[in-house]
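Novice: What follows is upload30.tsv, TSV, N, CA and C atoms.
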```tsv
chain	number	residue	atom	x	y	z
U	1	MET	N	27.58	39.85	9.48
U	1	MET	CA	27.12	39.14	10.65
U	1	MET	C	28.21	39.14	11.70
U	2	ALA	N	27.88	39.60	12.83
U	2	ALA	CA	28.84	39.62	13.93
U	2	ALA	C	28.67	38.37	14.76
U	3	THR	N	29.78	37.84	15.19
U	3	THR	CA	29.74	36.66	16.04
U	3	THR	C	30.10	37.07	17.45
U	4	SER	N	29.46	36.49	18.39
U	4	SER	CA	29.76	36.79	19.78
U	4	SER	C	30.84	35.86	20.29
U	5	GLY	N	31.44	36.21	21.37
U	5	GLY	CA	32.52	35.42	21.94
U	5	GLY	C	32.02	34.21	22.73
U	6	THR	N	30.72	34.08	22.91
U	6	THR	CA	30.20	32.94	23.67
U	6	THR	C	29.97	31.76	22.73
U	7	GLN	N	30.17	30.59	23.25
U	7	GLN	CA	29.96	29.39	22.45
U	7	GLN	C	28.57	28.85	22.69
U	8	GLN	N	28.02	28.28	21.65
U	8	GLN	CA	26.73	27.63	21.76
U	8	GLN	C	26.92	26.30	22.48
U	9	PRO	N	26.01	25.94	23.37
U	9	PRO	CA	26.14	24.62	24.01
U	9	PRO	C	25.91	23.52	22.99
U	10	THR	N	26.78	22.56	23.01
U	10	THR	CA	26.65	21.45	22.06
U	10	THR	C	25.76	20.37	22.66
U	11	ALA	N	25.15	19.62	21.79
U	11	ALA	CA	24.29	18.53	22.23
U	11	ALA	C	25.16	17.44	22.85
U	12	PRO	N	24.65	16.74	23.86
U	12	PRO	CA	25.44	15.67	24.46
U	12	PRO	C	25.71	14.57	23.43
U	13	ILE	N	26.90	14.05	23.49
U	13	ILE	CA	27.29	13.00	22.56
U	13	ILE	C	26.54	11.73	22.92
U	14	ALA	N	25.84	11.21	21.93
U	14	ALA	CA	25.08	9.98	22.16
U	14	ALA	C	26.04	8.80	22.32
U	15	GLN	N	25.61	7.85	23.08
U	15	GLN	CA	26.44	6.66	23.26
U	15	GLN	C	26.56	5.94	21.94
U	16	ALA	N	27.77	5.60	21.59
U	16	ALA	CA	28.02	4.93	20.31
U	16	ALA	C	27.38	3.55	20.32
U	17	ARG	N	26.78	3.21	19.19
U	17	ARG	CA	26.13	1.91	19.07
U	17	ARG	C	26.86	1.08	18.02
U	18	ASN	N	26.79	-0.19	18.19
U	18	ASN	CA	27.40	-1.11	17.23
U	18	ASN	C	26.32	-1.52	16.24
U	19	THR	N	26.04	-0.67	15.28
U	19	THR	CA	24.96	-0.90	14.33
U	19	THR	C	25.18	-2.12	13.45
U	20	PRO	N	26.40	-2.38	12.93
U	20	PRO	CA	26.57	-3.59	12.11
U	20	PRO	C	26.23	-4.88	12.85
U	21	ALA	N	26.55	-4.94	14.14
U	21	ALA	CA	26.21	-6.14	14.91
U	21	ALA	C	24.70	-6.30	15.02
U	22	ARG	N	24.00	-5.20	15.17
U	22	ARG	CA	22.54	-5.26	15.25
U	22	ARG	C	21.91	-5.61	13.91
U	23	VAL	N	22.51	-5.14	12.82
U	23	VAL	CA	22.03	-5.53	11.48
U	23	VAL	C	22.25	-7.03	11.28
U	24	SER	N	23.40	-7.51	11.72
U	24	SER	CA	23.71	-8.93	11.59
U	24	SER	C	22.70	-9.79	12.34
U	25	ILE	N	22.41	-9.43	13.58
U	25	ILE	CA	21.47	-10.24	14.36
U	25	ILE	C	20.06	-10.09	13.82
U	26	GLY	N	19.73	-8.94	13.24
U	26	GLY	CA	18.42	-8.77	12.61
U	26	GLY	C	18.25	-9.68	11.41
U	27	ALA	N	19.30	-9.79	10.59
U	27	ALA	CA	19.25	-10.69	9.44
U	27	ALA	C	19.15	-12.14	9.88
U	28	VAL	N	19.83	-12.47	10.97
U	28	VAL	CA	19.76	-13.84	11.49
U	28	VAL	C	18.35	-14.15	11.99
U	29	VAL	N	17.74	-13.21	12.69
U	29	VAL	CA	16.38	-13.43	13.18
U	29	VAL	C	15.42	-13.61	12.02
U	30	ALA	N	15.59	-12.83	10.95
U	30	ALA	CA	14.73	-12.99	9.77
U	30	ALA	C	14.94	-14.35	9.13
U	31	GLY	N	16.19	-14.81	9.02
U	31	GLY	CA	16.46	-16.12	8.43
U	31	GLY	C	15.91	-17.26	9.25
U	32	VAL	N	16.08	-17.17	10.56
U	32	VAL	CA	15.55	-18.22	11.44
U	32	VAL	C	14.02	-18.20	11.42
U	33	SER	N	13.44	-17.02	11.27
U	33	SER	CA	11.98	-16.93	11.14
U	33	SER	C	11.50	-17.61	9.86
U	34	LEU	N	12.29	-17.52	8.81
U	34	LEU	CA	11.94	-18.23	7.58
U	34	LEU	C	11.98	-19.74	7.78
U	35	ILE	N	12.96	-20.22	8.52
U	35	ILE	CA	13.01	-21.66	8.82
U	35	ILE	C	11.80	-22.06	9.64
U	36	ALA	N	11.45	-21.25	10.64
U	36	ALA	CA	10.27	-21.54	11.44
U	36	ALA	C	9.01	-21.50	10.58
U	37	GLY	N	8.97	-20.58	9.64
U	37	GLY	CA	7.83	-20.50	8.72
U	37	GLY	C	7.72	-21.74	7.85
U	38	MET	N	8.86	-22.29	7.44
U	38	MET	CA	8.83	-23.53	6.65
U	38	MET	C	8.26	-24.69	7.45
U	39	VAL	N	8.66	-24.75	8.72
U	39	VAL	CA	8.20	-25.85	9.57
U	39	VAL	C	6.73	-25.69	9.93
U	40	MET	N	6.30	-24.47	10.20
U	40	MET	CA	4.94	-24.24	10.67
U	40	MET	C	3.90	-24.20	9.56
U	41	THR	N	4.31	-23.83	8.36
U	41	THR	CA	3.37	-23.74	7.24
U	41	THR	C	3.91	-24.54	6.05
U	42	PRO	N	3.84	-25.85	6.13
U	42	PRO	CA	4.43	-26.65	5.05
U	42	PRO	C	3.76	-26.44	3.69
U	43	MET	N	2.51	-26.07	3.67
U	43	MET	CA	1.84	-25.85	2.38
U	43	MET	C	2.43	-24.64	1.66
U	44	PHE	N	2.65	-23.54	2.42
U	44	PHE	CA	3.28	-22.37	1.80
U	44	PHE	C	4.71	-22.68	1.37
U	45	TRP	N	5.40	-23.51	2.17
U	45	TRP	CA	6.76	-23.88	1.81
U	45	TRP	C	6.77	-24.69	0.52
U	46	LEU	N	5.80	-25.57	0.35
U	46	LEU	CA	5.73	-26.34	-0.89
U	46	LEU	C	5.41	-25.45	-2.08
U	47	LEU	N	4.57	-24.44	-1.87
U	47	LEU	CA	4.22	-23.53	-2.96
U	47	LEU	C	5.33	-22.53	-3.27
U	48	TYR	N	5.94	-21.99	-2.22
U	48	TYR	CA	6.91	-20.91	-2.39
U	48	TYR	C	8.27	-21.28	-1.80
U	49	GLY	N	8.66	-22.52	-1.88
U	49	GLY	CA	9.91	-22.98	-1.28
U	49	GLY	C	11.13	-22.30	-1.85
U	50	GLY	N	11.10	-22.00	-3.13
U	50	GLY	CA	12.23	-21.31	-3.74
U	50	GLY	C	12.43	-19.92	-3.16
U	51	TRP	N	11.34	-19.21	-2.91
U	51	TRP	CA	11.44	-17.87	-2.33
U	51	TRP	C	11.93	-17.93	-0.89
U	52	TYR	N	11.41	-18.90	-0.12
U	52	TYR	CA	11.88	-19.08	1.25
U	52	TYR	C	13.39	-19.31	1.25
U	53	THR	N	13.83	-20.20	0.36
U	53	THR	CA	15.24	-20.55	0.31
U	53	THR	C	16.09	-19.36	-0.13
U	54	LEU	N	15.62	-18.62	-1.12
U	54	LEU	CA	16.37	-17.46	-1.60
U	54	LEU	C	16.51	-16.41	-0.50
U	55	PHE	N	15.42	-16.10	0.20
U	55	PHE	CA	15.50	-15.10	1.25
U	55	PHE	C	16.33	-15.58	2.43
U	56	MET	N	16.30	-16.88	2.71
U	56	MET	CA	17.15	-17.42	3.77
U	56	MET	C	18.62	-17.26	3.39
U	57	PHE	N	18.95	-17.53	2.13
U	57	PHE	CA	20.32	-17.38	1.66
U	57	PHE	C	20.74	-15.90	1.74
U	58	LEU	N	19.86	-15.00	1.33
U	58	LEU	CA	20.19	-13.57	1.37
U	58	LEU	C	20.36	-13.07	2.81
U	59	CYS	N	19.58	-13.60	3.73
U	59	CYS	CA	19.75	-13.22	5.14
U	59	CYS	C	21.13	-13.66	5.64
U	60	GLY	N	21.56	-14.85	5.24
U	60	GLY	CA	22.90	-15.31	5.62
U	60	GLY	C	23.98	-14.46	4.99
U	61	VAL	N	23.78	-14.06	3.73
U	61	VAL	CA	24.77	-13.23	3.04
U	61	VAL	C	24.87	-11.84	3.67
U	62	VAL	N	23.79	-11.33	4.19
U	62	VAL	CA	23.83	-10.04	4.88
U	62	VAL	C	24.44	-10.19	6.28
U	63	ALA	N	24.12	-11.28	6.97
U	63	ALA	CA	24.56	-11.46	8.36
U	63	ALA	C	26.07	-11.62	8.48
U	64	ILE	N	26.70	-12.27	7.53
U	64	ILE	CA	28.13	-12.56	7.67
U	64	ILE	C	28.99	-11.29	7.59
U	65	PRO	N	28.91	-10.50	6.51
U	65	PRO	CA	29.76	-9.30	6.50
U	65	PRO	C	29.37	-8.28	7.58
U	66	ALA	N	28.08	-8.17	7.88
U	66	ALA	CA	27.68	-7.25	8.94
U	66	ALA	C	28.23	-7.72	10.29
U	67	GLY	N	28.27	-9.02	10.50
U	67	GLY	CA	28.84	-9.56	11.74
U	67	GLY	C	30.32	-9.28	11.84
U	68	HIS	N	31.04	-9.42	10.73
U	68	HIS	CA	32.47	-9.11	10.75
U	68	HIS	C	32.71	-7.62	11.02
U	69	LEU	N	31.91	-6.76	10.40
U	69	LEU	CA	32.03	-5.33	10.68
U	69	LEU	C	31.67	-5.02	12.14
U	70	GLY	N	30.67	-5.73	12.66
U	70	GLY	CA	30.29	-5.54	14.05
U	70	GLY	C	31.36	-5.99	15.03
U	71	ARG	N	32.07	-7.08	14.67
U	71	ARG	CA	33.17	-7.52	15.54
U	71	ARG	C	34.29	-6.48	15.55
U	72	ARG	N	34.61	-5.93	14.38
U	72	ARG	CA	35.66	-4.92	14.30
U	72	ARG	C	35.26	-3.65	15.05
U	73	ARG	N	34.02	-3.23	14.84
U	73	ARG	CA	33.57	-2.01	15.52
U	73	ARG	C	33.46	-2.24	17.03
U	74	GLY	N	33.03	-3.44	17.42
U	74	GLY	CA	32.95	-3.76	18.84
U	74	GLY	C	34.30	-3.72	19.53
U	75	LYS	N	35.35	-4.07	18.80
U	75	LYS	CA	36.69	-4.00	19.36
U	75	LYS	C	37.06	-2.54	19.67
U	76	ARG	N	36.67	-1.62	18.78
U	76	ARG	CA	36.95	-0.21	19.01
U	76	ARG	C	36.06	0.38	20.10
U	77	LEU	N	34.88	-0.20	20.31
U	77	LEU	CA	33.95	0.31	21.33
U	77	LEU	C	34.13	-0.37	22.67
U	78	GLY	N	35.20	-1.10	22.83
U	78	GLY	CA	35.46	-1.73	24.12
U	78	GLY	C	34.70	-3.03	24.34
U	79	GLY	N	34.42	-3.75	23.28
U	79	GLY	CA	33.78	-5.06	23.40
U	79	GLY	C	32.27	-5.04	23.32
U	80	GLN	N	31.69	-3.91	22.98
U	80	GLN	CA	30.24	-3.81	22.94
U	80	GLN	C	29.67	-4.62	21.77
U	81	ASP	N	28.77	-5.53	22.04
U	81	ASP	CA	28.05	-6.35	21.06
U	81	ASP	C	28.95	-7.25	20.22
U	82	ARG	N	30.14	-7.57	20.68
U	82	ARG	CA	31.00	-8.47	19.91
U	82	ARG	C	30.44	-9.88	19.90
U	83	GLY	N	29.84	-10.31	20.98
U	83	GLY	CA	29.23	-11.63	21.04
U	83	GLY	C	28.03	-11.75	20.12
U	84	VAL	N	27.25	-10.68	20.05
U	84	VAL	CA	26.10	-10.64	19.16
U	84	VAL	C	26.56	-10.76	17.71
U	85	ALA	N	27.64	-10.08	17.39
U	85	ALA	CA	28.18	-10.13	16.03
U	85	ALA	C	28.69	-11.53	15.70
U	86	LEU	N	29.32	-12.19	16.68
U	86	LEU	CA	29.81	-13.55	16.46
U	86	LEU	C	28.65	-14.51	16.23
U	87	VAL	N	27.57	-14.36	16.98
U	87	VAL	CA	26.38	-15.18	16.76
U	87	VAL	C	25.83	-14.93	15.36
U	88	GLY	N	25.86	-13.68	14.91
U	88	GLY	CA	25.41	-13.35	13.57
U	88	GLY	C	26.25	-14.03	12.50
U	89	ILE	N	27.57	-14.05	12.70
U	89	ILE	CA	28.46	-14.69	11.72
U	89	ILE	C	28.19	-16.18	11.65
U	90	LEU	N	28.17	-16.83	12.80
U	90	LEU	CA	28.00	-18.28	12.83
U	90	LEU	C	26.63	-18.71	12.30
U	91	THR	N	25.60	-18.00	12.70
U	91	THR	CA	24.26	-18.35	12.24
U	91	THR	C	24.08	-18.00	10.77
U	92	GLY	N	24.76	-16.96	10.30
U	92	GLY	CA	24.72	-16.64	8.88
U	92	GLY	C	25.30	-17.76	8.03
U	93	TRP	N	26.42	-18.32	8.47
U	93	TRP	CA	26.99	-19.46	7.75
U	93	TRP	C	26.05	-20.66	7.80
U	94	LEU	N	25.39	-20.85	8.94
U	94	LEU	CA	24.43	-21.96	9.06
U	94	LEU	C	23.24	-21.75	8.13
U	95	LEU	N	22.77	-20.52	7.99
U	95	LEU	CA	21.66	-20.24	7.07
U	95	LEU	C	22.06	-20.53	5.62
U	96	ILE	N	23.27	-20.14	5.25
U	96	ILE	CA	23.74	-20.42	3.89
U	96	ILE	C	23.85	-21.92	3.66
U	97	PHE	N	24.38	-22.65	4.65
U	97	PHE	CA	24.52	-24.10	4.54
U	97	PHE	C	23.15	-24.76	4.38
U	98	ILE	N	22.18	-24.37	5.18
U	98	ILE	CA	20.84	-24.96	5.10
U	98	ILE	C	20.19	-24.64	3.76
U	99	SER	N	20.36	-23.41	3.28
U	99	SER	CA	19.74	-23.05	2.00
U	99	SER	C	20.39	-23.83	0.85
U	100	LEU	N	21.70	-24.07	0.91
U	100	LEU	CA	22.34	-24.88	-0.13
U	100	LEU	C	21.88	-26.34	-0.06
U	101	LEU	N	21.67	-26.84	1.15
U	101	LEU	CA	21.13	-28.20	1.27
U	101	LEU	C	19.72	-28.29	0.69
U	102	LEU	N	18.92	-27.25	0.90
U	102	LEU	CA	17.58	-27.24	0.32
U	102	LEU	C	17.62	-27.20	-1.21
U	103	VAL	N	18.55	-26.45	-1.77
U	103	VAL	CA	18.68	-26.41	-3.23
U	103	VAL	C	19.08	-27.79	-3.75
U	104	LEU	N	20.00	-28.46	-3.06
U	104	LEU	CA	20.37	-29.82	-3.46
U	104	LEU	C	19.18	-30.77	-3.34
U	105	ALA	N	18.38	-30.59	-2.31
U	105	ALA	CA	17.19	-31.44	-2.15
U	105	ALA	C	16.19	-31.19	-3.28
U	106	TYR	N	16.02	-29.93	-3.69
U	106	TYR	CA	15.12	-29.62	-4.81
U	106	TYR	C	15.61	-30.31	-6.08
U	107	PHE	N	16.90	-30.17	-6.38
U	107	PHE	CA	17.43	-30.79	-7.59
U	107	PHE	C	17.38	-32.31	-7.50
U	108	GLY	N	17.59	-32.86	-6.31
U	108	GLY	CA	17.48	-34.30	-6.13
U	108	GLY	C	16.05	-34.78	-6.35
U	109	LEU	N	15.10	-34.00	-5.89
U	109	LEU	CA	13.70	-34.35	-6.10
U	109	LEU	C	13.34	-34.32	-7.58
U	110	ILE	N	13.80	-33.29	-8.27
U	110	ILE	CA	13.51	-33.18	-9.71
U	110	ILE	C	14.19	-34.31	-10.47
U	111	ALA	N	15.43	-34.62	-10.13
U	111	ALA	CA	16.14	-35.71	-10.82
U	111	ALA	C	15.47	-37.05	-10.53
U	112	GLY	N	15.04	-37.25	-9.30
U	112	GLY	CA	14.36	-38.50	-8.95
U	112	GLY	C	13.04	-38.66	-9.66
U	113	LEU	N	12.29	-37.56	-9.75
U	113	LEU	CA	11.02	-37.62	-10.47
U	113	LEU	C	11.25	-37.84	-11.96
U	114	ALA	N	12.29	-37.25	-12.52
U	114	ALA	CA	12.60	-37.46	-13.95
U	114	ALA	C	12.99	-38.91	-14.19
U	115	LEU	N	13.77	-39.48	-13.29
U	115	LEU	CA	14.16	-40.88	-13.44
U	115	LEU	C	12.95	-41.79	-13.29
U	116	LEU	N	12.07	-41.47	-12.37
U	116	LEU	CA	10.85	-42.27	-12.16
U	116	LEU	C	9.94	-42.18	-13.39
U	117	ALA	N	9.80	-41.00	-13.95
U	117	ALA	CA	8.95	-40.84	-15.15
U	117	ALA	C	9.58	-41.54	-16.35
U	118	ASP	N	10.89	-41.53	-16.44
U	118	ASP	CA	11.57	-42.18	-17.56
U	118	ASP	C	11.44	-43.70	-17.45
U	119	SER	N	11.50	-44.24	-16.24
U	119	SER	CA	11.41	-45.69	-16.10
U	119	SER	C	9.97	-46.19	-16.28
U	120	ALA	N	8.99	-45.30	-16.18
U	120	ALA	CA	7.60	-45.69	-16.35
U	120	ALA	C	7.24	-45.87	-17.82
U	121	LYS	N	8.05	-45.35	-18.73
U	121	LYS	CA	7.72	-45.44	-20.16
U	121	LYS	C	8.00	-46.80	-20.70
```
Translate the structure described by the file into structure tokens.

Specialist:
Amino acid sequence: MATSGTQQPTAPIAQARNTPARVSIGAVVAGVSLIAGMVMTPMFWLLYGGWYTLFMFLCGVVAIPAGHLGRRRGKRLGGQDRGVALVGILTGWLLIFISLLLVLAYFGLIAGLALLADSAK
């Protein structure tokens, strides 16, 4: 195979995106949507509250490291989406805090009902 001395035109370089920051904010939106779902559909929350809480916790767990990666990458990209990544980090911690409070509320409810049933005997 012979090669010619002319170069092939290269495709234009796409603008770099801060994907981790976008993943972080996507996880935050999903977690906040779960909170809105709990408020708007209390019957489903009562039936599937454990699943809502688990997915809210997982959204927070995804948002925090992705937000930190987005902050680091944003620094290299000249500040692109660094604020979005910071919102992802802070809201991710808030989602984890709320989900842990819900778990404590579940256990408190079960303990209270057990105490109430025990005192009824």

Novice: Please provide as an mmCIF file with N, CA and C atoms, in the frame of the given file all residues within 12 Å of Thr53 (chain U), with the sequence filter that same-chain residues fewer than 5 positions apart are discarded (counting only C-alpha atoms).

Specialist:
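Everything below was put into selection-v5.cif:
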```
data_model
loop_
_atom_site.group_PDB
_atom_site.id
_atom_site.type_symbol
_atom_site.label_atom_id
_atom_site.label_comp_id
_atom_site.auth_asym_id
_atom_site.auth_seq_id
_atom_site.Cartn_x
_atom_site.Cartn_y
_atom_site.Cartn_z
ATOM 1 N N GLY U 31 16.190 -14.810 9.020
ATOM 2 C CA GLY U 31 16.460 -16.120 8.430
ATOM 3 C C GLY U 31 15.910 -17.260 9.250
ATOM 4 N N VAL U 32 16.080 -17.170 10.560
ATOM 5 C CA VAL U 32 15.550 -18.220 11.440
ATOM 6 C C VAL U 32 14.020 -18.200 11.420
ATOM 7 N N SER U 33 13.440 -17.020 11.270
ATOM 8 C CA SER U 33 11.980 -16.930 11.140
ATOM 9 C C SER U 33 11.500 -17.610 9.860
ATOM 10 N N LEU U 34 12.290 -17.520 8.810
ATOM 11 C CA LEU U 34 11.940 -18.230 7.580
ATOM 12 C C LEU U 34 11.980 -19.740 7.780
ATOM 13 N N ILE U 35 12.960 -20.220 8.520
ATOM 14 C CA ILE U 35 13.010 -21.660 8.820
ATOM 15 C C ILE U 35 11.800 -22.060 9.640
ATOM 16 N N GLY U 37 8.970 -20.580 9.640
ATOM 17 C CA GLY U 37 7.830 -20.500 8.720
ATOM 18 C C GLY U 37 7.720 -21.740 7.850
ATOM 19 N N MET U 38 8.860 -22.290 7.440
ATOM 20 C CA MET U 38 8.830 -23.530 6.650
ATOM 21 C C MET U 38 8.260 -24.690 7.450
ATOM 22 N N TRP U 45 5.400 -23.510 2.170
ATOM 23 C CA TRP U 45 6.760 -23.880 1.810
ATOM 24 C C TRP U 45 6.770 -24.690 0.520
ATOM 25 N N LEU U 46 5.800 -25.570 0.350
ATOM 26 C CA LEU U 46 5.730 -26.340 -0.890
ATOM 27 C C LEU U 46 5.410 -25.450 -2.080
ATOM 28 N N LEU U 47 4.570 -24.440 -1.870
ATOM 29 C CA LEU U 47 4.220 -23.530 -2.960
ATOM 30 C C LEU U 47 5.330 -22.530 -3.270
ATOM 31 N N TYR U 48 5.940 -21.990 -2.220
ATOM 32 C CA TYR U 48 6.910 -20.910 -2.390
ATOM 33 C C TYR U 48 8.270 -21.280 -1.800
ATOM 34 N N LEU U 58 19.860 -15.000 1.330
ATOM 35 C CA LEU U 58 20.190 -13.570 1.370
ATOM 36 C C LEU U 58 20.360 -13.070 2.810
ATOM 37 N N CYS U 59 19.580 -13.600 3.730
ATOM 38 C CA CYS U 59 19.750 -13.220 5.140
ATOM 39 C C CYS U 59 21.130 -13.660 5.640
ATOM 40 N N GLY U 60 21.560 -14.850 5.240
ATOM 41 C CA GLY U 60 22.900 -15.310 5.620
ATOM 42 C C GLY U 60 23.980 -14.460 4.990
ATOM 43 N N LEU U 95 22.770 -20.520 7.990
ATOM 44 C CA LEU U 95 21.660 -20.240 7.070
ATOM 45 C C LEU U 95 22.060 -20.530 5.620
ATOM 46 N N ILE U 96 23.270 -20.140 5.250
ATOM 47 C CA ILE U 96 23.740 -20.420 3.890
ATOM 48 C C ILE U 96 23.850 -21.920 3.660
ATOM 49 N N PHE U 97 24.380 -22.650 4.650
ATOM 50 C CA PHE U 97 24.520 -24.100 4.540
ATOM 51 C C PHE U 97 23.150 -24.760 4.380
ATOM 52 N N ILE U 98 22.180 -24.370 5.180
ATOM 53 C CA ILE U 98 20.840 -24.960 5.100
ATOM 54 C C ILE U 98 20.190 -24.640 3.760
ATOM 55 N N SER U 99 20.360 -23.410 3.280
ATOM 56 C CA SER U 99 19.740 -23.050 2.000
ATOM 57 C C SER U 99 20.390 -23.830 0.850
ATOM 58 N N LEU U 100 21.700 -24.070 0.910
ATOM 59 C CA LEU U 100 22.340 -24.880 -0.130
ATOM 60 C C LEU U 100 21.880 -26.340 -0.060
ATOM 61 N N LEU U 101 21.670 -26.840 1.150
ATOM 62 C CA LEU U 101 21.130 -28.200 1.270
ATOM 63 C C LEU U 101 19.720 -28.290 0.690
ATOM 64 N N LEU U 102 18.920 -27.250 0.900
ATOM 65 C CA LEU U 102 17.580 -27.240 0.320
ATOM 66 C C LEU U 102 17.620 -27.200 -1.210
ATOM 67 N N VAL U 103 18.550 -26.450 -1.770
ATOM 68 C CA VAL U 103 18.680 -26.410 -3.230
ATOM 69 C C VAL U 103 19.080 -27.790 -3.750
ATOM 70 N N LEU U 104 20.000 -28.460 -3.060
ATOM 71 C CA LEU U 104 20.370 -29.820 -3.460
ATOM 72 C C LEU U 104 19.180 -30.770 -3.340
ATOM 73 N N ALA U 105 18.380 -30.590 -2.310
ATOM 74 C CA ALA U 105 17.190 -31.440 -2.150
ATOM 75 C C ALA U 105 16.190 -31.190 -3.280
ATOM 76 N N TYR U 106 16.020 -29.930 -3.690
ATOM 77 C CA TYR U 106 15.120 -29.620 -4.810
ATOM 78 C C TYR U 106 15.610 -30.310 -6.080
#
```

Novice: Please measure the separation of atom N of Ala21 (chain U) and atom N of Ile64 (chain U), giving the value in Å to one decimal.

Specialist: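 Value for the atom N of Ala21 (chain U)-atom N of Ile64 (chain U) distance: 9.9 Å.
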
Novice: As an exercise, work out the distance from CA of Gln80 (chain U) to CA of Ala16 (chain U) in Å and give it to one decimal place.

Specialist: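 Pair CA of Gln80 (chain U) / CA of Ala16 (chain U) returns 9.4 Å.
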
Novice: Which value, in Å to one decimal, gives the distance between atom N of Tyr52 (chain U) and CA of Gly108 (chain U)?

Specialist: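 For atom N of Tyr52 (chain U) relative to CA of Gly108 (chain U), the distance reads 17.6 Å.
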